[in-house]
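Enquirer: Below is the file target-v6.cif, with mmCIF, N, CA and C atoms and all ligand atoms.
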data_protein
#
loop_
_atom_site.label_atom_id
_atom_site.label_comp_id
_atom_site.auth_asym_id
_atom_site.auth_seq_id
_atom_site.Cartn_x
_atom_site.Cartn_y
_atom_site.Cartn_z
N MET S 12 12.03 -1.26 0.80
CA MET S 12 11.28 -2.16 1.71
C MET S 12 11.01 -3.46 0.98
N ALA S 13 11.31 -4.57 1.63
CA ALA S 13 11.07 -5.89 1.06
C ALA S 13 9.56 -6.09 0.87
N SER S 14 9.19 -6.82 -0.17
CA SER S 14 7.78 -6.97 -0.50
C SER S 14 7.16 -8.19 0.18
N LEU S 15 6.10 -7.93 0.94
CA LEU S 15 5.42 -9.03 1.62
C LEU S 15 4.75 -9.98 0.64
N SER S 16 4.40 -9.48 -0.55
CA SER S 16 3.65 -10.30 -1.49
C SER S 16 4.49 -11.47 -2.04
N GLU S 17 5.82 -11.43 -1.82
CA GLU S 17 6.66 -12.54 -2.26
C GLU S 17 6.59 -13.74 -1.31
N LEU S 18 6.00 -13.53 -0.16
CA LEU S 18 5.94 -14.61 0.83
C LEU S 18 4.96 -15.69 0.43
N ASP S 19 4.99 -16.80 1.15
CA ASP S 19 4.01 -17.87 0.99
C ASP S 19 2.61 -17.25 1.08
N PRO S 20 1.71 -17.61 0.16
CA PRO S 20 0.37 -17.01 0.15
C PRO S 20 -0.36 -17.16 1.49
N GLU S 21 -0.03 -18.19 2.21
CA GLU S 21 -0.66 -18.41 3.51
C GLU S 21 -0.22 -17.34 4.53
N LEU S 22 0.99 -16.85 4.36
CA LEU S 22 1.56 -15.90 5.32
C LEU S 22 1.21 -14.45 4.97
N VAL S 23 0.99 -14.17 3.69
CA VAL S 23 0.83 -12.78 3.22
C VAL S 23 -0.24 -11.99 3.99
N PRO S 24 -1.48 -12.52 4.12
CA PRO S 24 -2.50 -11.69 4.80
C PRO S 24 -2.15 -11.40 6.25
N TRP S 25 -1.49 -12.35 6.92
CA TRP S 25 -1.12 -12.16 8.33
C TRP S 25 0.01 -11.15 8.46
N ALA S 26 0.94 -11.23 7.54
CA ALA S 26 2.05 -10.27 7.56
C ALA S 26 1.51 -8.86 7.33
N ASN S 27 0.61 -8.72 6.36
CA ASN S 27 0.01 -7.41 6.11
C ASN S 27 -0.74 -6.91 7.32
N GLN S 28 -1.44 -7.82 7.98
CA GLN S 28 -2.22 -7.42 9.15
C GLN S 28 -1.30 -6.96 10.29
N LEU S 29 -0.18 -7.65 10.46
CA LEU S 29 0.74 -7.27 11.54
C LEU S 29 1.36 -5.90 11.26
N VAL S 30 1.78 -5.69 10.00
CA VAL S 30 2.37 -4.41 9.64
C VAL S 30 1.33 -3.29 9.80
N GLY S 31 0.08 -3.59 9.41
CA GLY S 31 -0.99 -2.60 9.57
C GLY S 31 -1.24 -2.26 11.02
N GLU S 32 -1.19 -3.29 11.85
CA GLU S 32 -1.41 -3.10 13.29
C GLU S 32 -0.26 -2.27 13.88
N ALA S 33 0.96 -2.55 13.44
CA ALA S 33 2.12 -1.79 13.93
C ALA S 33 2.00 -0.31 13.52
N SER S 34 1.55 -0.08 12.30
CA SER S 34 1.35 1.31 11.84
C SER S 34 0.28 1.99 12.66
N ALA S 35 -0.83 1.27 12.89
CA ALA S 35 -1.95 1.84 13.64
C ALA S 35 -1.52 2.24 15.05
N ARG S 36 -0.54 1.51 15.59
CA ARG S 36 -0.05 1.81 16.95
C ARG S 36 1.07 2.84 16.94
N GLY S 37 1.43 3.33 15.75
CA GLY S 37 2.41 4.40 15.64
C GLY S 37 3.86 3.95 15.71
N TYR S 38 4.15 2.71 15.32
CA TYR S 38 5.50 2.17 15.47
C TYR S 38 6.36 2.24 14.21
N SER S 39 5.87 2.90 13.16
CA SER S 39 6.65 3.04 11.93
C SER S 39 7.31 1.73 11.48
N PRO S 40 6.54 0.67 11.22
CA PRO S 40 7.15 -0.62 10.87
C PRO S 40 7.87 -0.57 9.52
N ARG S 41 8.98 -1.29 9.45
CA ARG S 41 9.71 -1.42 8.19
C ARG S 41 10.10 -2.88 8.03
N VAL S 42 9.62 -3.49 6.95
CA VAL S 42 9.95 -4.89 6.68
C VAL S 42 11.33 -4.92 6.02
N THR S 43 12.27 -5.62 6.66
CA THR S 43 13.65 -5.58 6.19
C THR S 43 14.05 -6.82 5.41
N SER S 44 13.29 -7.91 5.54
CA SER S 44 13.66 -9.13 4.83
C SER S 44 12.44 -10.03 4.69
N THR S 45 12.24 -10.58 3.48
CA THR S 45 11.16 -11.55 3.30
C THR S 45 11.78 -12.83 2.74
N VAL S 46 11.59 -13.07 1.45
CA VAL S 46 12.14 -14.27 0.84
C VAL S 46 13.62 -14.05 0.51
N ARG S 47 14.45 -15.02 0.85
CA ARG S 47 15.87 -14.97 0.48
C ARG S 47 16.18 -16.12 -0.46
N THR S 48 17.01 -15.85 -1.46
CA THR S 48 17.51 -16.94 -2.29
C THR S 48 18.56 -17.71 -1.50
N HIS S 49 18.91 -18.88 -2.02
CA HIS S 49 19.96 -19.69 -1.39
C HIS S 49 21.25 -18.87 -1.30
N GLY S 50 21.56 -18.14 -2.36
CA GLY S 50 22.79 -17.33 -2.38
C GLY S 50 22.77 -16.22 -1.34
N GLU S 51 21.61 -15.57 -1.21
CA GLU S 51 21.49 -14.50 -0.21
C GLU S 51 21.64 -15.06 1.20
N GLN S 52 21.02 -16.23 1.41
CA GLN S 52 21.10 -16.85 2.73
C GLN S 52 22.56 -17.22 3.03
N ALA S 53 23.24 -17.75 2.03
CA ALA S 53 24.64 -18.14 2.22
C ALA S 53 25.51 -16.93 2.56
N ARG S 54 25.27 -15.80 1.85
CA ARG S 54 26.03 -14.57 2.13
C ARG S 54 25.78 -14.09 3.55
N LEU S 55 24.49 -14.07 3.94
CA LEU S 55 24.12 -13.61 5.27
C LEU S 55 24.72 -14.52 6.35
N TYR S 56 24.70 -15.80 6.07
CA TYR S 56 25.23 -16.76 7.04
C TYR S 56 26.72 -16.54 7.26
N ARG S 57 27.43 -16.24 6.15
CA ARG S 57 28.87 -15.97 6.29
C ARG S 57 29.10 -14.74 7.16
N ARG S 58 28.27 -13.71 6.99
CA ARG S 58 28.40 -12.51 7.82
C ARG S 58 28.12 -12.85 9.28
N PHE S 59 27.10 -13.66 9.51
CA PHE S 59 26.75 -14.06 10.87
C PHE S 59 27.92 -14.81 11.52
N VAL S 60 28.49 -15.76 10.76
CA VAL S 60 29.61 -16.55 11.29
C VAL S 60 30.81 -15.65 11.56
N ALA S 61 30.97 -14.63 10.72
CA ALA S 61 32.10 -13.71 10.88
C ALA S 61 31.85 -12.70 12.01
N GLY S 62 30.63 -12.70 12.55
CA GLY S 62 30.32 -11.80 13.66
C GLY S 62 29.94 -10.40 13.23
N THR S 63 29.60 -10.20 11.96
CA THR S 63 29.26 -8.87 11.48
C THR S 63 27.77 -8.72 11.17
N TRP S 64 26.94 -9.65 11.66
CA TRP S 64 25.49 -9.54 11.49
C TRP S 64 24.85 -9.72 12.85
N PRO S 65 23.97 -8.78 13.25
CA PRO S 65 23.50 -8.77 14.65
C PRO S 65 22.46 -9.83 15.01
N TYR S 66 21.87 -10.49 14.01
CA TYR S 66 20.79 -11.44 14.31
C TYR S 66 21.21 -12.85 13.94
N PRO S 67 20.58 -13.84 14.59
CA PRO S 67 20.91 -15.24 14.24
C PRO S 67 20.55 -15.53 12.79
N VAL S 68 21.38 -16.30 12.12
CA VAL S 68 21.14 -16.67 10.73
C VAL S 68 21.28 -18.18 10.60
N ALA S 69 20.27 -18.83 10.02
CA ALA S 69 20.33 -20.27 9.81
C ALA S 69 21.26 -20.58 8.63
N PRO S 70 21.89 -21.76 8.65
CA PRO S 70 22.73 -22.14 7.51
C PRO S 70 21.88 -22.19 6.24
N PRO S 71 22.51 -21.97 5.06
CA PRO S 71 21.77 -22.04 3.80
C PRO S 71 21.04 -23.37 3.67
N GLY S 72 19.79 -23.33 3.21
CA GLY S 72 18.98 -24.53 3.09
C GLY S 72 18.13 -24.80 4.31
N GLN S 73 18.39 -24.08 5.40
CA GLN S 73 17.67 -24.35 6.64
C GLN S 73 16.93 -23.14 7.19
N SER S 74 16.80 -22.09 6.37
CA SER S 74 16.11 -20.89 6.85
C SER S 74 14.67 -20.84 6.36
N ALA S 75 13.76 -20.49 7.25
CA ALA S 75 12.36 -20.31 6.87
C ALA S 75 12.22 -19.22 5.81
N HIS S 76 13.19 -18.28 5.77
CA HIS S 76 13.14 -17.21 4.76
C HIS S 76 13.28 -17.75 3.35
N GLU S 77 14.03 -18.82 3.16
CA GLU S 77 14.24 -19.37 1.82
C GLU S 77 12.97 -19.99 1.26
N TYR S 78 12.03 -20.30 2.14
CA TYR S 78 10.78 -20.92 1.71
C TYR S 78 9.61 -19.93 1.73
N GLY S 79 9.90 -18.67 2.04
CA GLY S 79 8.83 -17.66 2.09
C GLY S 79 7.94 -17.81 3.31
N TRP S 80 8.45 -18.45 4.33
CA TRP S 80 7.66 -18.71 5.53
C TRP S 80 7.91 -17.71 6.64
N ALA S 81 8.78 -16.72 6.39
CA ALA S 81 9.15 -15.80 7.46
C ALA S 81 9.46 -14.42 6.91
N PHE S 82 9.30 -13.40 7.77
CA PHE S 82 9.76 -12.06 7.41
C PHE S 82 10.35 -11.40 8.64
N ASP S 83 11.22 -10.42 8.36
CA ASP S 83 11.83 -9.64 9.44
C ASP S 83 11.29 -8.22 9.37
N MET S 84 11.07 -7.63 10.53
CA MET S 84 10.52 -6.28 10.59
C MET S 84 11.16 -5.53 11.73
N VAL S 85 11.44 -4.25 11.53
CA VAL S 85 11.91 -3.39 12.62
C VAL S 85 10.88 -2.30 12.85
N THR S 86 10.90 -1.74 14.05
CA THR S 86 9.94 -0.70 14.42
C THR S 86 10.66 0.40 15.18
N GLU S 87 9.97 1.52 15.34
CA GLU S 87 10.41 2.58 16.25
C GLU S 87 9.29 2.85 17.23
N PRO S 88 9.54 2.69 18.52
CA PRO S 88 10.80 2.20 19.11
C PRO S 88 11.00 0.71 18.85
N PHE S 89 12.26 0.32 18.86
CA PHE S 89 12.62 -1.08 18.60
C PHE S 89 11.93 -2.01 19.60
N ASP S 90 11.76 -1.54 20.83
CA ASP S 90 11.16 -2.37 21.89
C ASP S 90 9.71 -2.74 21.61
N ALA S 91 9.07 -2.02 20.70
CA ALA S 91 7.68 -2.34 20.36
C ALA S 91 7.58 -3.74 19.74
N LEU S 92 8.70 -4.28 19.28
CA LEU S 92 8.68 -5.61 18.66
C LEU S 92 8.21 -6.69 19.63
N ALA S 93 8.51 -6.54 20.91
CA ALA S 93 8.07 -7.54 21.88
C ALA S 93 6.55 -7.58 21.93
N GLU S 94 5.94 -6.40 21.92
CA GLU S 94 4.48 -6.31 21.94
C GLU S 94 3.90 -6.93 20.66
N LEU S 95 4.51 -6.62 19.53
CA LEU S 95 4.02 -7.17 18.26
C LEU S 95 4.26 -8.68 18.18
N GLY S 96 5.35 -9.13 18.79
CA GLY S 96 5.62 -10.56 18.84
C GLY S 96 4.55 -11.30 19.64
N ALA S 97 4.14 -10.68 20.74
CA ALA S 97 3.07 -11.29 21.55
C ALA S 97 1.77 -11.33 20.77
N LEU S 98 1.50 -10.26 20.03
CA LEU S 98 0.29 -10.21 19.20
C LEU S 98 0.35 -11.31 18.13
N TRP S 99 1.52 -11.43 17.48
CA TRP S 99 1.72 -12.45 16.44
C TRP S 99 1.48 -13.85 17.01
N GLU S 100 2.01 -14.09 18.20
CA GLU S 100 1.81 -15.40 18.83
C GLU S 100 0.35 -15.62 19.22
N SER S 101 -0.36 -14.54 19.58
CA SER S 101 -1.78 -14.69 19.92
C SER S 101 -2.59 -15.07 18.68
N TRP S 102 -2.04 -14.79 17.50
CA TRP S 102 -2.70 -15.19 16.25
C TRP S 102 -2.30 -16.62 15.86
N GLY S 103 -1.37 -17.21 16.59
CA GLY S 103 -0.95 -18.57 16.29
C GLY S 103 0.39 -18.67 15.59
N GLY S 104 1.03 -17.54 15.31
CA GLY S 104 2.32 -17.55 14.62
C GLY S 104 3.48 -17.82 15.57
N THR S 105 4.67 -17.95 15.01
CA THR S 105 5.88 -18.14 15.79
C THR S 105 6.73 -16.88 15.69
N TYR S 106 7.16 -16.36 16.84
CA TYR S 106 7.97 -15.14 16.91
C TYR S 106 9.38 -15.50 17.37
N GLY S 107 10.38 -14.76 16.84
CA GLY S 107 11.77 -15.04 17.16
C GLY S 107 12.13 -14.79 18.62
N GLY S 108 11.33 -13.99 19.31
CA GLY S 108 11.56 -13.74 20.73
C GLY S 108 12.85 -13.00 21.00
N SER S 109 13.39 -13.15 22.20
CA SER S 109 14.57 -12.38 22.58
C SER S 109 15.80 -12.80 21.78
N ARG S 110 15.76 -14.00 21.19
CA ARG S 110 16.89 -14.49 20.42
C ARG S 110 16.95 -13.80 19.04
N ASP S 111 15.78 -13.56 18.44
CA ASP S 111 15.72 -13.00 17.09
C ASP S 111 14.51 -12.07 17.03
N ARG S 112 14.71 -10.86 17.56
CA ARG S 112 13.58 -9.98 17.86
C ARG S 112 12.88 -9.43 16.63
N VAL S 113 13.48 -9.55 15.46
CA VAL S 113 12.89 -8.97 14.25
C VAL S 113 12.12 -10.01 13.44
N HIS S 114 12.07 -11.26 13.91
CA HIS S 114 11.67 -12.39 13.08
C HIS S 114 10.26 -12.91 13.41
N PHE S 115 9.43 -12.96 12.36
CA PHE S 115 8.05 -13.47 12.47
C PHE S 115 7.86 -14.55 11.42
N GLU S 116 7.24 -15.67 11.80
CA GLU S 116 7.10 -16.74 10.83
C GLU S 116 5.83 -17.55 11.06
N LEU S 117 5.50 -18.39 10.07
CA LEU S 117 4.41 -19.34 10.21
C LEU S 117 4.74 -20.27 11.38
N PRO S 118 3.71 -20.83 12.03
CA PRO S 118 3.98 -21.68 13.20
C PRO S 118 4.94 -22.82 12.86
N GLY S 119 6.04 -22.88 13.61
CA GLY S 119 6.98 -23.98 13.45
C GLY S 119 7.79 -23.95 12.17
N ALA S 120 7.80 -22.83 11.43
CA ALA S 120 8.45 -22.79 10.13
C ALA S 120 9.95 -23.09 10.22
N SER S 121 10.63 -22.52 11.20
CA SER S 121 12.08 -22.76 11.31
C SER S 121 12.35 -24.22 11.59
N ALA S 122 11.54 -24.81 12.46
CA ALA S 122 11.73 -26.22 12.78
C ALA S 122 11.54 -27.07 11.52
N SER S 123 10.54 -26.74 10.68
CA SER S 123 10.32 -27.51 9.46
C SER S 123 11.41 -27.30 8.44
N SER S 124 11.88 -26.06 8.31
CA SER S 124 12.83 -25.76 7.24
C SER S 124 14.20 -26.38 7.51
N GLU S 125 14.46 -26.80 8.76
CA GLU S 125 15.73 -27.47 9.04
C GLU S 125 15.73 -28.88 8.48
N THR S 126 14.56 -29.43 8.23
CA THR S 126 14.49 -30.83 7.81
C THR S 126 13.73 -31.03 6.50
N SER S 127 13.16 -29.95 5.92
CA SER S 127 12.23 -30.11 4.81
C SER S 127 12.81 -29.61 3.50
N SER S 128 12.21 -30.07 2.42
CA SER S 128 12.47 -29.49 1.12
C SER S 128 11.50 -28.32 0.92
N PRO S 129 11.79 -27.44 -0.03
CA PRO S 129 10.99 -26.21 -0.17
C PRO S 129 9.51 -26.46 -0.45
N ASP S 130 9.14 -27.60 -1.02
CA ASP S 130 7.73 -27.79 -1.35
C ASP S 130 6.96 -28.49 -0.24
N THR S 131 7.60 -28.71 0.90
CA THR S 131 6.89 -29.32 2.02
C THR S 131 5.97 -28.30 2.68
N GLU S 132 4.77 -28.69 2.96
CA GLU S 132 3.82 -27.77 3.60
C GLU S 132 4.15 -27.66 5.08
N THR S 133 3.91 -26.48 5.64
CA THR S 133 3.99 -26.36 7.08
C THR S 133 2.82 -27.14 7.68
N SER S 134 3.02 -27.63 8.89
CA SER S 134 2.07 -28.60 9.42
C SER S 134 0.80 -27.96 9.99
N SER S 135 0.85 -26.71 10.36
CA SER S 135 -0.35 -26.12 10.95
C SER S 135 -0.56 -24.71 10.43
N LEU S 136 -1.74 -24.21 10.53
CA LEU S 136 -2.11 -22.89 10.02
C LEU S 136 -2.26 -21.91 11.16
N LEU S 137 -2.12 -20.66 10.80
CA LEU S 137 -2.42 -19.62 11.78
C LEU S 137 -3.90 -19.65 12.08
N ARG S 138 -4.24 -19.43 13.32
CA ARG S 138 -5.65 -19.38 13.69
C ARG S 138 -6.25 -18.02 13.32
N PRO S 139 -7.52 -17.99 13.02
CA PRO S 139 -8.16 -16.68 12.81
C PRO S 139 -8.08 -15.86 14.09
N GLN S 140 -8.05 -14.57 13.94
CA GLN S 140 -7.99 -13.69 15.11
C GLN S 140 -9.24 -13.89 15.96
N ALA S 141 -9.06 -13.88 17.28
CA ALA S 141 -10.15 -14.24 18.18
C ALA S 141 -11.22 -13.17 18.30
N HIS S 142 -10.88 -11.91 18.00
CA HIS S 142 -11.92 -10.90 18.16
C HIS S 142 -12.11 -10.12 16.87
ZN ZN W 201 14.16 -13.65 10.07
#
Take the structure in this file and express it as structure tokens.
Expert:
Amino acid sequence: MASLSELDPELVPWANQLVGEASARGYSPRVTSTVRTHGEQARLYRRFVAGTWPYPVAPPGQSAHEYGWAFDMVTEPFDALAELGALWESWGGTYGGSRDRVHFELPGASASSETSSPDTETSSLLRPQAH
């Protein structure tokens, strides 16, 4: 299991909370990807381009994963991800939605990582949980 603690410190507590919530609901969450190196992203991107990877992959240098701003998680049942995605968005995060159902990230992280260097801060923070 990929380690959540490698993520951006801003994202870590929220990621832990989401995984905890998924466990509490009985969905057996498994984090499959957190931080990727440039080389890992490049390898994954080649698989995606070749049609042998089921999820969208950003070109190397443009993935929120390379900056520690995103993680991927699977659950049982897999469909529980939609519910968890809605929960994540209610906390202010960005969810991959039907396009990338396993992907959770800081608000706007993918949009920033397409144009930013790794030390650029994301522009907004997750909101505290409302209840
Ligand atoms: Zn992802």
Enquirer: DSSP on the backbone, strand (DSSP E) only: what residues of chain S does that give? Format it as a list in words.
Expert: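 Output for chain S, strand (DSSP E) only: Arg41, Val42, Thr43, Ser44, Ala81, Phe82, Asp83, Met84, Val85, Thr105, Tyr106, His114, Phe115 and Glu116 of chain S.
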Enquirer: Would you put the residues from that selection into a file with N, CA and C atoms, as a compact mmCIF listing (two decimals), in the frame of the given file?
Expert:
# COMPACT_ATOMS: atom_id res chain seq x y z
N ARG S 41 8.98 -1.29 9.45
CA ARG S 41 9.71 -1.42 8.19
C ARG S 41 10.10 -2.88 8.03
N VAL S 42 9.62 -3.49 6.95
CA VAL S 42 9.95 -4.89 6.68
C VAL S 42 11.33 -4.92 6.02
N THR S 43 12.27 -5.62 6.66
CA THR S 43 13.65 -5.58 6.19
C THR S 43 14.05 -6.82 5.41
N SER S 44 13.29 -7.91 5.54
CA SER S 44 13.66 -9.13 4.83
C SER S 44 12.44 -10.03 4.69
N ALA S 81 8.78 -16.72 6.39
CA ALA S 81 9.15 -15.80 7.46
C ALA S 81 9.46 -14.42 6.91
N PHE S 82 9.30 -13.40 7.77
CA PHE S 82 9.76 -12.06 7.41
C PHE S 82 10.35 -11.40 8.64
N ASP S 83 11.22 -10.42 8.36
CA ASP S 83 11.83 -9.64 9.44
C ASP S 83 11.29 -8.22 9.37
N MET S 84 11.07 -7.63 10.53
CA MET S 84 10.52 -6.28 10.59
C MET S 84 11.16 -5.53 11.73
N VAL S 85 11.44 -4.25 11.53
CA VAL S 85 11.91 -3.39 12.62
C VAL S 85 10.88 -2.30 12.85
N THR S 105 4.67 -17.95 15.01
CA THR S 105 5.88 -18.14 15.79
C THR S 105 6.73 -16.88 15.69
N TYR S 106 7.16 -16.36 16.84
CA TYR S 106 7.97 -15.14 16.91
C TYR S 106 9.38 -15.50 17.37
N HIS S 114 12.07 -11.26 13.91
CA HIS S 114 11.67 -12.39 13.08
C HIS S 114 10.26 -12.91 13.41
N PHE S 115 9.43 -12.96 12.36
CA PHE S 115 8.05 -13.47 12.47
C PHE S 115 7.86 -14.55 11.42
N GLU S 116 7.24 -15.67 11.80
CA GLU S 116 7.10 -16.74 10.83
C GLU S 116 5.83 -17.55 11.06
Enquirer: Can you pull out the residues contacting Ala93 of chain S? Cut-off 8 Å, using only N, CA and C atoms, and skip same-chain residues under 4 positions away; I want them as a VMD selection string.
Expert: chain S and resid 88 to 89 97 to 99 108 to 109 112 to 113
Enquirer: Ligand ZN 201 (chain W): which residues are within 10 Å, counting only C-alpha atoms and all ligand atoms? Reply as a count of residues only.
Expert: 26
Enquirer: Quote the spacing between atom CA of Glu77 of chain S and atom N of Gln52 of chain S in Å to one decimal place.
Expert: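 For atom CA of Glu77 of chain S relative to atom N of Gln52 of chain S, the distance reads 7.5 Å.
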Enquirer: Of the candidates S:Gly104, S:Glu125, S:Thr86, S:Trp64, which one gets nearest to Ala26 of chain S if we count only C-alpha atoms?
Expert: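 Result for the nearest residue to Ala26 of chain S: S:Gly104.
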Enquirer: Which one is closest to Leu29 of chain S: S:Ala122, S:Leu117, S:Asp90, S:Leu95? Count all atoms listed in the file.
Expert: S:Leu95
Enquirer: Would you please work out which residue, of S:Ala91, S:Trp102, S:Gln73, S:Ala35, is nearest to Ser123 of chain S when using only C-alpha atoms?
Expert: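 Looking only at the distances to Ser123 of chain S, the closest residue turns out to be S:Gln73.
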Enquirer: Counting all atoms listed in the file, figure out which residue out of S:Gly62, S:Arg41, S:Ala53, S:Gly103 gets nearest to Ala13 of chain S.
Expert: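 Looking at the shortest contact to Ala13 of chain S, the residue is S:Arg41.
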Enquirer: Taking every listed atom of segment 51-59 of chain S and adding 3 Å to each side, what centre and edge lengths in Å (one decimal) does the axis-aligned box have, as JSON?
Expert:
{"center_x": 25.1, "center_y": -15.3, "center_z": 5.2, "size_x": 14.1, "size_y": 11.6, "size_z": 18.7}
Enquirer: Compare S:Thr48, S:Pro65, S:Pro118, S:Val85 by their minimum atom-to-atom distance to Glu17 of chain S, counting only C-alpha atoms, and give me the closest one.
Expert: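 Comparing S:Thr48, S:Pro65, S:Pro118, S:Val85 against Glu17 of chain S, the winner is S:Thr48.
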Enquirer: Report the distance between atom CA of Leu92 of chain S and atom CA of Tyr38 of chain S in Å, rounded to one decimal place.
Expert: 9.0 Å
